[in-house]
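**Student:** What follows is a structure written as structure tokens; I'll ask about it next.
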Amino acid sequence: MRIDILSIFPEMFEGPFSESIVKRAQEKGLAKIYIHDIRSYATNKHKRVDDYPYGGGAGMVMMAEPIVAAIEDLKIKTNYDAIVFMTPDGKVFNQTMANHFSSFENILLLCGHYKGIDERIRDSYITHEISIGDYVLSGGELAAMIVTDALVRLIPGVLGDETSALSDSFQDGLLSPPVYTRPYDFKGFKVPEILLSGNEKAIVEWKHQQAVERTQKRRPDLLKNGDL
Ligand code: 6GU
């Protein structure tokens with residue numbers, strides 16, 4: 001999978017993408033992630049990428065010209081399955097969407113800023129719009145990192161234990177059951193006996209029942225809609 005990211009703050013991605021799973025996926029060649037600076041596509045001499053909104057109002061708007069130049073340039077080399085605008089008014093990201101997008105070969109993520117981007121970019125270039133939740137961030141960068149992480153870990157071969165993404169919370173529509181490790185007795189709090197019983201079938205059933213109970217208690221909304 002190839003992920004291109006367009007941002008006016010390319011340095012923000014350095015830390016999160018050079019650690020842990022996303023780092024390993026890139027080292028293994030399973031994920032190719034490229035960060036592009038929108039500002040480098042600005043044609044005016046002050047490298048401005050934003051301007052005042054027509055009709056007035058607070059905040060600046062990201063101009064169409066440099067963003068379109070960047071997208072057109074990237075499209076020469078790559079045929080994108082999705083050109084995604086990261087925006088708080090997009091569709092709220094969930095595991096179903098992560099699973100869907102992780103099957104794509106090439107994805108372009110555009111990070112918005114200020115009051116948004118010129119609507120004509122959305123009309124003509126954007127295929128999907130994603131939000132990561134109902135709150136406002138200063139920019140789409142952190143959201144793009146979150147979406148990238150969620151997709152990359154689903155690429156076959158990225159996680160050490162091939163099955164571990166399958167047992168994630170949400171992957172089966174339920175929260176994950178509690179887990180324990182040594183010691184058996186931690187300050188008087190003991191590990192549930194069933195987990196030491198050696199009875200594989202009973203353990204699987206217990207885990208499922210714990211997952212259902214936990215979901216009922218914490219996220220009853222997940223049990224109602226099939227959409228996750
Ligand atoms: Cl994708 N961008 C911004 N700026 N804020 C957000 C968001 C995205 N998702 C939730 N809040």
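Ligands are numbered from 1 in the order shown, chains are lettered A, B, ... in the order of the structure tokens, and residues start at 1 in each chain.
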If the limit is 6 Å from any atom of ligand 1, counting only C-alpha atoms and all ligand atoms, which residues qualify? Return them as a ChimeraX atom specification.
**Tutor:** /A:86-88,130-140,143
**Student:** Those same residues - N, CA and C atoms - I'd like them written as a PDB file, in the first residue's frame.
**Tutor:**
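selection-v1.pdb was written with the following content:
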```pdb
ATOM      1  N   MET A  86      -9.234  15.257   4.767  1.00  0.00           N
ATOM      2  CA  MET A  86      -9.394  15.113   6.210  1.00  0.00           C
ATOM      3  C   MET A  86     -10.086  16.370   6.742  1.00  0.00           C
ATOM      4  N   THR A  87     -11.310  16.219   7.233  1.00  0.00           N
ATOM      5  CA  THR A  87     -12.095  17.388   7.622  1.00  0.00           C
ATOM      6  C   THR A  87     -13.124  17.027   8.695  1.00  0.00           C
ATOM      7  N   PRO A  88     -13.347  17.922   9.674  1.00  0.00           N
ATOM      8  CA  PRO A  88     -14.314  17.598  10.731  1.00  0.00           C
ATOM      9  C   PRO A  88     -15.750  17.435  10.221  1.00  0.00           C
ATOM     10  N   ILE A 130     -13.157  12.416   5.357  1.00  0.00           N
ATOM     11  CA  ILE A 130     -13.102  11.687   6.625  1.00  0.00           C
ATOM     12  C   ILE A 130     -12.865  12.627   7.799  1.00  0.00           C
ATOM     13  N   SER A 131     -13.638  12.403   8.860  1.00  0.00           N
ATOM     14  CA  SER A 131     -13.431  13.044  10.156  1.00  0.00           C
ATOM     15  C   SER A 131     -13.035  11.933  11.125  1.00  0.00           C
ATOM     16  N   ILE A 132     -12.293  12.256  12.180  1.00  0.00           N
ATOM     17  CA  ILE A 132     -11.993  11.203  13.157  1.00  0.00           C
ATOM     18  C   ILE A 132     -12.844  11.335  14.408  1.00  0.00           C
ATOM     19  N   GLY A 133     -13.805  12.254  14.424  1.00  0.00           N
ATOM     20  CA  GLY A 133     -14.685  12.354  15.582  1.00  0.00           C
ATOM     21  C   GLY A 133     -15.282  13.748  15.686  1.00  0.00           C
ATOM     22  N   ASP A 134     -16.256  13.861  16.573  1.00  0.00           N
ATOM     23  CA  ASP A 134     -16.988  15.128  16.668  1.00  0.00           C
ATOM     24  C   ASP A 134     -16.326  16.122  17.610  1.00  0.00           C
ATOM     25  N   TYR A 135     -15.178  16.614  17.196  1.00  0.00           N
ATOM     26  CA  TYR A 135     -14.444  17.656  17.908  1.00  0.00           C
ATOM     27  C   TYR A 135     -13.555  18.281  16.858  1.00  0.00           C
ATOM     28  N   VAL A 136     -13.074  19.480  17.102  1.00  0.00           N
ATOM     29  CA  VAL A 136     -12.300  20.185  16.076  1.00  0.00           C
ATOM     30  C   VAL A 136     -10.812  20.213  16.428  1.00  0.00           C
ATOM     31  N   LEU A 137      -9.997  19.776  15.490  1.00  0.00           N
ATOM     32  CA  LEU A 137      -8.537  19.836  15.623  1.00  0.00           C
ATOM     33  C   LEU A 137      -8.026  21.040  14.839  1.00  0.00           C
ATOM     34  N   SER A 138      -6.808  21.446  15.135  1.00  0.00           N
ATOM     35  CA  SER A 138      -6.235  22.608  14.439  1.00  0.00           C
ATOM     36  C   SER A 138      -5.945  22.320  12.975  1.00  0.00           C
ATOM     37  N   GLY A 139      -5.836  21.050  12.657  1.00  0.00           N
ATOM     38  CA  GLY A 139      -5.556  20.697  11.274  1.00  0.00           C
ATOM     39  C   GLY A 139      -5.805  19.221  11.050  1.00  0.00           C
ATOM     40  N   GLY A 140      -5.766  18.802   9.800  1.00  0.00           N
ATOM     41  CA  GLY A 140      -6.036  17.410   9.471  1.00  0.00           C
ATOM     42  C   GLY A 140      -4.863  16.471   9.715  1.00  0.00           C
ATOM     43  N   ALA A 143      -5.271  13.743  12.386  1.00  0.00           N
ATOM     44  CA  ALA A 143      -6.296  12.820  11.888  1.00  0.00           C
ATOM     45  C   ALA A 143      -5.713  11.907  10.807  1.00  0.00           C
TER      46      ALA A 143
END
```
**Student:** Leaving out stretch 212-219 of chain A and any residue of its chain fewer than 4 positions from it, which residues lie within 7 Å of it when counting only C-alpha atoms, given as a list in words?
**Tutor:** Leu174, Leu175 and His208 of chain A
**Student:** Using only C-alpha atoms, which of A:Ala69, A:Val158, A:Val204, A:Ile107 sits nearest A:Ser40?
**Tutor:**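 Of A:Ala69, A:Val158, A:Val204, A:Ile107, the one nearest A:Ser40, counting only C-alpha atoms, is A:Ala69.
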**Student:** Find the residues around A:Ile71 up to 10 Å (only C-alpha atoms counted), leave out those fewer than 5 positions away in its own chain, and share them as a list in words.
**Tutor:**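 In the requested format, the answer is Asp4, Leu6, Ile38, Tyr41, Pro66, Ile76, Ile83, Leu108, Leu110, Ile121, Tyr125 and Ile126 of chain A.
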**Student:** Could you give me, as an MDAnalysis selection string, each residue of stretch 4-193 of chain A that DSSP assigns to alpha helix (DSSP H) when run on this structure's backbone?
**Tutor:** chainID A and resid 14:17 20:27 64:77 95:101 119:124 141:152
**Student:** Using only C-alpha atoms, which of the listed residues (A:Asp81, A:Glu65, A:Asp172, A:Asp50) sits closest to A:Leu223?
**Tutor:** A:Asp172
